[in-house]
Amino acid sequence: MSRAPAADFFGPGGAALALAHAAFAGRGFFTPVRRHQPDGTWLGPEGAVDVEARGLVNMPYSCGEPAADRRRRLAQLAHRFGALGGFTTEDTEDTKTEGKGFPDANLFPSLPASASSVSSVVKSFPASPDAMGIVPTPVGEPQGLDTVAFFAACRLAFPQAHIVVDLERLGLKLGQLCLSFGADEIMGSILEHRELRLGARAGSRELDRGEAAQLLRASGFVPYERLPDGKVRAS
Amino acid sequence: VSLGAVAAKVRAGEPLDRADGRALFAHPNLVELGTLANLVRERLHGDRTYWNRNLHINPTNVCVSACKLCSFSRRSPRDAGAFVLAIDEAVARLRACLDRGEAVTEVHLVGGLHAGLPFDYFTGLLAALKAAAPTITLKAFSAVEIFFFHRLYGMSIAEVLRGLQQAGLDALPGGGAEILSPRVRQAICPNKCGADEWLEVHRIAHDLGIKSTCTMLFGTVETVDERVEHLLRLRELQAETGGFLAFIPLPFHPENNALAHLAAPTATECLRTLAVSRLLLANVPHLKAYWISLGLPTAQTALWFGADDFDGTVSEEKIYHQAGAQTPSALAPGEIARLIRAAGRVPVERDTFYGRTATAAGEEAV
């Protein structure tokens, strides 16, 4: 059972968490992926989802960049996809170039968001596991607060989308943390059984399915696995 | 117990009880929990975030304890990778650090439980470091080591501490507490001193005027109740002595040790534990986000979940890196300050006892 938090809390971080739970009825997703390499080989196990075929949209951010730049890019992406869940048409025109009215990507300390507007957004859209997927992608070394703030901003801008954590880029710790700030899906090298983290494998980012499910549960989600045929199954 | 009821107590400055602690650990909304912990953090310290310049030296990794959680120790001096640091070599490391202009104010010394070294080795080590840098603070030997010295050399705990104090000991680090529960200690570190003995060493140290820190290693086999009990036992001793400077929650690293089959605590679990610690341990002034152990992104985020201390430059850390820590082995002062500022906080350079250092200029030392 999902432990969805209430929406009446303290700012965009909490709002993003509530929206992530509301978007897919408390379900969180993990996606074992494999990636096509330039030499024609595959990195990742057979039977995993081809990350390119998934059709995810990369959303780059760099730590320390001005919030206005992020807002503008979020707005441009939202305009392109017509995916402004909680925002009006007027907002769309304003934000297309300026980013006005968009969630502040500097989550702390520029709080709070309106609890009532969050509630209305939560009620206004249907849950669908086939929604578009956005992968916030760090340029350079990701920092903690900038990363969770950007995930929260993405969720607030795209309440109906999957906000996807790429564990290869963010690592297990920071990646999992994003599940408490608006992300609803993790993807990475998720195996039937992983090797113990000993010796040269001590820094491995591989997970087994049980661990992937546990990362989602730790943020209150009911875990579902995404399959290569586009379906999902409860884990 | 609802979060609202706990929040009312926190706002009124009332101490939380066992049931409150359980409720906080069970609360699903991490952001709400963080907001409450941040209230206490800002009440105590505002935006100030402390850090220091410190050097880690491990005298030996030879250890009779064979704890399942450890990736650092070697059972025998003959094992591959076993070492005992010569006193001259330890002094040379400190001198090299100072010669590089690192201006460290603290040397942090912890090591294995080596049954073959005389007490003179440890007093000699402290005295030599102090002679090399008389103004430096020596924070040395966890309660586990002090208790081992007491048993090995047939001295009382107070005699051990006085002997080390006369040689230059200034403060005790808080390691080895793990979880202050006989069940957990039996499972993960059965040969270490017990929970009561760990607390007794700190009690005696505080009575002798030696300040210390305290820790909790979480994420092995303990229950939430055992975490809460651990925190309450620390709070009780702090109420008695006032000798703890800071509390340091340490997530377990399962890499390269006998507990490698366990999953590491998630970042959410780390932040939750820091936040609950801040709320339950309101009488310990500082809460440290030890970046070596948490990882830089989690440690930086922790500055909004109750933590007010980022630890330090930590030159030459080995214990967590042999347990698979992916963090750098040291951070430059400017990098620490940048990370703190990027989190919207104000970096303040401190000494071991949370005084401003001679190099600090106003609030912002770097």
# chains A, B, ... in the order shown; residues from 1 in each chain; ligands from 1
>>> interface_residues(of="chain B", to="chain A", cutoff="7 Å", atoms="only C-alpha atoms", output="list in words")
Pro28, Asn29, Leu30, Val31, Glu32, Glu255, Asn256, Ala260, His261, Thr266, Ala267, Thr268, Pro297, Thr298, Gln300, Thr301, Gly324, Gln326 and Ala343 of chain B
>>> write_last_selection(atoms="C-alpha atoms", output="PDB file, in the first residue's frame")
ATOM      1  CA  PRO B  28       6.459   9.037   5.554  1.00  0.00           C
ATOM      2  CA  ASN B  29       7.062  12.607   4.474  1.00  0.00           C
ATOM      3  CA  LEU B  30      10.783  13.302   4.533  1.00  0.00           C
ATOM      4  CA  VAL B  31      10.340  16.972   3.711  1.00  0.00           C
ATOM      5  CA  GLU B  32       8.039  17.552   6.670  1.00  0.00           C
ATOM      6  CA  GLU B 255      31.431  -2.859   0.958  1.00  0.00           C
ATOM      7  CA  ASN B 256      34.460  -5.072   1.620  1.00  0.00           C
ATOM      8  CA  ALA B 260      28.478  -7.101   2.304  1.00  0.00           C
ATOM      9  CA  HIS B 261      25.192  -8.887   1.691  1.00  0.00           C
ATOM     10  CA  THR B 266      19.339   4.848   1.429  1.00  0.00           C
ATOM     11  CA  ALA B 267      19.909   8.590   1.281  1.00  0.00           C
ATOM     12  CA  THR B 268      16.333   9.065   2.455  1.00  0.00           C
ATOM     13  CA  PRO B 297      25.373  15.398  -2.187  1.00  0.00           C
ATOM     14  CA  THR B 298      23.643  13.861   0.828  1.00  0.00           C
ATOM     15  CA  GLN B 300      25.070  19.035   1.519  1.00  0.00           C
ATOM     16  CA  THR B 301      21.337  18.309   1.556  1.00  0.00           C
ATOM     17  CA  GLY B 324      33.889   1.644  -0.318  1.00  0.00           C
ATOM     18  CA  GLN B 326      33.084   7.080  -3.097  1.00  0.00           C
ATOM     19  CA  ALA B 343      23.324  25.100   0.046  1.00  0.00           C
TER      20      ALA B 343
END
>>> select_by_dssp(residues="range 155-270 of chain B", states="helix (DSSP H, G or I)", output="PyMOL selection string")
chain B and resi 157-167+182-188+195-207+224-241+267-270
>>> write_last_selection(atoms="C-alpha atoms", output="PDB file, in the first residue's frame")
ATOM      1  CA  ILE B 157      39.926   3.962  32.702  1.00  0.00           C
ATOM      2  CA  ALA B 158      40.707   7.202  34.528  1.00  0.00           C
ATOM      3  CA  GLU B 159      44.400   6.280  34.703  1.00  0.00           C
ATOM      4  CA  VAL B 160      44.456   5.588  30.980  1.00  0.00           C
ATOM      5  CA  LEU B 161      42.788   8.896  30.202  1.00  0.00           C
ATOM      6  CA  ARG B 162      45.021  10.865  32.592  1.00  0.00           C
ATOM      7  CA  GLY B 163      48.111   9.281  31.078  1.00  0.00           C
ATOM      8  CA  LEU B 164      47.018  10.198  27.586  1.00  0.00           C
ATOM      9  CA  GLN B 165      45.930  13.654  28.734  1.00  0.00           C
ATOM     10  CA  GLN B 166      49.364  14.329  30.209  1.00  0.00           C
ATOM     11  CA  ALA B 167      50.897  13.282  26.877  1.00  0.00           C
ATOM     12  CA  PRO B 182      23.679  -5.636  23.617  1.00  0.00           C
ATOM     13  CA  ARG B 183      21.749  -7.516  20.908  1.00  0.00           C
ATOM     14  CA  VAL B 184      23.164  -5.464  18.050  1.00  0.00           C
ATOM     15  CA  ARG B 185      26.687  -5.435  19.449  1.00  0.00           C
ATOM     16  CA  GLN B 186      26.593  -9.198  19.821  1.00  0.00           C
ATOM     17  CA  ALA B 187      25.579  -9.471  16.167  1.00  0.00           C
ATOM     18  CA  ILE B 188      28.044  -7.069  14.569  1.00  0.00           C
ATOM     19  CA  ALA B 195      27.249  -0.285  25.499  1.00  0.00           C
ATOM     20  CA  ASP B 196      27.508   0.511  29.208  1.00  0.00           C
ATOM     21  CA  GLU B 197      31.292   0.469  28.992  1.00  0.00           C
ATOM     22  CA  TRP B 198      31.311   2.821  25.999  1.00  0.00           C
ATOM     23  CA  LEU B 199      29.160   5.275  27.924  1.00  0.00           C
ATOM     24  CA  GLU B 200      31.272   4.874  31.069  1.00  0.00           C
ATOM     25  CA  VAL B 201      34.458   5.844  29.207  1.00  0.00           C
ATOM     26  CA  HIS B 202      32.814   9.055  28.002  1.00  0.00           C
ATOM     27  CA  ARG B 203      31.384   9.754  31.458  1.00  0.00           C
ATOM     28  CA  ILE B 204      34.850   9.490  33.023  1.00  0.00           C
ATOM     29  CA  ALA B 205      36.409  11.545  30.231  1.00  0.00           C
ATOM     30  CA  HIS B 206      33.857  14.298  30.740  1.00  0.00           C
ATOM     31  CA  ASP B 207      34.534  14.219  34.497  1.00  0.00           C
ATOM     32  CA  VAL B 224      14.049   1.574  14.866  1.00  0.00           C
ATOM     33  CA  ASP B 225      13.438   1.047  18.582  1.00  0.00           C
ATOM     34  CA  GLU B 226      17.131   0.350  19.076  1.00  0.00           C
ATOM     35  CA  ARG B 227      18.042   3.553  17.267  1.00  0.00           C
ATOM     36  CA  VAL B 228      15.684   5.519  19.457  1.00  0.00           C
ATOM     37  CA  GLU B 229      17.071   3.850  22.585  1.00  0.00           C
ATOM     38  CA  HIS B 230      20.609   4.700  21.445  1.00  0.00           C
ATOM     39  CA  LEU B 231      19.735   8.364  21.032  1.00  0.00           C
ATOM     40  CA  LEU B 232      17.982   8.524  24.384  1.00  0.00           C
ATOM     41  CA  ARG B 233      20.939   6.945  26.179  1.00  0.00           C
ATOM     42  CA  LEU B 234      23.244   9.565  24.684  1.00  0.00           C
ATOM     43  CA  ARG B 235      20.828  12.304  25.680  1.00  0.00           C
ATOM     44  CA  GLU B 236      20.750  10.973  29.217  1.00  0.00           C
ATOM     45  CA  LEU B 237      24.544  11.055  29.546  1.00  0.00           C
ATOM     46  CA  GLN B 238      24.657  14.514  28.001  1.00  0.00           C
ATOM     47  CA  ALA B 239      22.137  15.741  30.570  1.00  0.00           C
ATOM     48  CA  GLU B 240      24.436  14.374  33.281  1.00  0.00           C
ATOM     49  CA  THR B 241      27.812  15.636  32.013  1.00  0.00           C
ATOM     50  CA  ALA B 267      19.909   8.590   1.281  1.00  0.00           C
ATOM     51  CA  THR B 268      16.333   9.065   2.455  1.00  0.00           C
ATOM     52  CA  GLU B 269      17.108   6.893   5.461  1.00  0.00           C
ATOM     53  CA  CYS B 270      20.257   8.912   6.125  1.00  0.00           C
TER      54      CYS B 270
END
>>> residues_around(residues="Ser212 in chain B", least_positions_apart="6", cutoff="10 Å", atoms="only C-alpha atoms", output="ChimeraX atom specification")
/B:139-140,142-143,170-175,202-203,205-206,242-247,352-353
>>> write_last_selection(atoms="C-alpha atoms", output="mmCIF file, in the first residue's frame")
data_model
loop_
_atom_site.group_PDB
_atom_site.id
_atom_site.type_symbol
_atom_site.label_atom_id
_atom_site.label_comp_id
_atom_site.auth_asym_id
_atom_site.auth_seq_id
_atom_site.Cartn_x
_atom_site.Cartn_y
_atom_site.Cartn_z
ATOM 1 C CA LYS B 139 41.368 14.291 19.270
ATOM 2 C CA ALA B 140 42.415 10.740 19.808
ATOM 3 C CA SER B 142 37.665 6.137 20.639
ATOM 4 C CA ALA B 143 36.067 4.808 23.814
ATOM 5 C CA ASP B 170 42.687 17.108 24.201
ATOM 6 C CA ALA B 171 39.439 15.401 23.184
ATOM 7 C CA LEU B 172 37.938 12.013 22.390
ATOM 8 C CA PRO B 173 36.341 11.091 19.069
ATOM 9 C CA GLY B 174 32.943 9.446 19.240
ATOM 10 C CA GLY B 175 33.567 6.270 17.281
ATOM 11 C CA HIS B 202 32.814 9.055 28.002
ATOM 12 C CA ARG B 203 31.384 9.754 31.458
ATOM 13 C CA ALA B 205 36.409 11.545 30.231
ATOM 14 C CA HIS B 206 33.857 14.298 30.740
ATOM 15 C CA GLY B 242 27.307 18.126 29.185
ATOM 16 C CA GLY B 243 30.492 16.770 27.641
ATOM 17 C CA PHE B 244 29.350 15.887 24.131
ATOM 18 C CA LEU B 245 30.186 18.545 21.573
ATOM 19 C CA ALA B 246 28.488 16.959 18.586
ATOM 20 C CA PHE B 247 26.560 13.933 17.421
ATOM 21 C CA THR B 352 37.601 21.260 17.762
ATOM 22 C CA PHE B 353 35.607 22.945 20.524
#
>>> residues_around(residues="Gly47 in chain A", least_positions_apart="4", cutoff="9 Å", atoms="only C-alpha atoms", output="list in words")
Pro32, Val33, Arg34, Leu227 and Pro228 of chain A
>>> atom_distance(atom1="CA of Leu279 in chain B", atom2="CA of Ser293 in chain B")
21.1 Å
>>> closest_residue(among="B:Leu69, B:Val110, B:Val64, B:Leu129", to="Asp88 in chain B", atoms="only C-alpha atoms")
B:Leu129
>>> residues_around(residues="Asn58 in chain A", least_positions_apart="4", cutoff="9 Å", atoms="only C-alpha atoms", output="VMD selection string")
chain A and resid 133 to 137
>>> write_last_selection(atoms="N, CA and C atoms", output="PDB file, in the first residue's frame")
ATOM      1  N   GLY A 133       8.368  10.654 -20.279  1.00  0.00           N
ATOM      2  CA  GLY A 133       9.375  10.560 -19.232  1.00  0.00           C
ATOM      3  C   GLY A 133      10.460  11.601 -19.409  1.00  0.00           C
ATOM      4  N   ILE A 134      10.816  12.263 -18.335  1.00  0.00           N
ATOM      5  CA  ILE A 134      11.853  13.300 -18.370  1.00  0.00           C
ATOM      6  C   ILE A 134      12.997  12.853 -17.453  1.00  0.00           C
ATOM      7  N   VAL A 135      14.202  12.951 -17.965  1.00  0.00           N
ATOM      8  CA  VAL A 135      15.374  12.562 -17.178  1.00  0.00           C
ATOM      9  C   VAL A 135      16.196  13.806 -16.867  1.00  0.00           C
ATOM     10  N   PRO A 136      16.072  14.376 -15.683  1.00  0.00           N
ATOM     11  CA  PRO A 136      16.976  15.472 -15.323  1.00  0.00           C
ATOM     12  C   PRO A 136      18.412  14.960 -15.351  1.00  0.00           C
ATOM     13  N   THR A 137      19.237  15.642 -16.119  1.00  0.00           N
ATOM     14  CA  THR A 137      20.568  15.104 -16.418  1.00  0.00           C
ATOM     15  C   THR A 137      21.632  16.119 -16.013  1.00  0.00           C
TER      16      THR A 137
END
>>> atom_distance(atom1="CA of Gln37 in chain A", atom2="CA of Val57 in chain A")
19.0 Å
>>> residues_around(residues="Gly28 in chain A", least_positions_apart="6", cutoff="6 Å", atoms="only C-alpha atoms", output="number ranges by chain")
A: 184-185, 221-223
>>> select_by_dssp(residues="range 79-294 of chain B", states="strand (DSSP E)", output="VMD selection string")
chain B and resid 106 to 109 137 to 140 171 to 172 211 to 218 244 to 251 286 to 287
>>> residues_around(residues="Val1 in chain B", least_positions_apart="2", cutoff="8 Å", atoms="only C-alpha atoms", output="ChimeraX atom specification")
/B:3,5-6,19-20,23
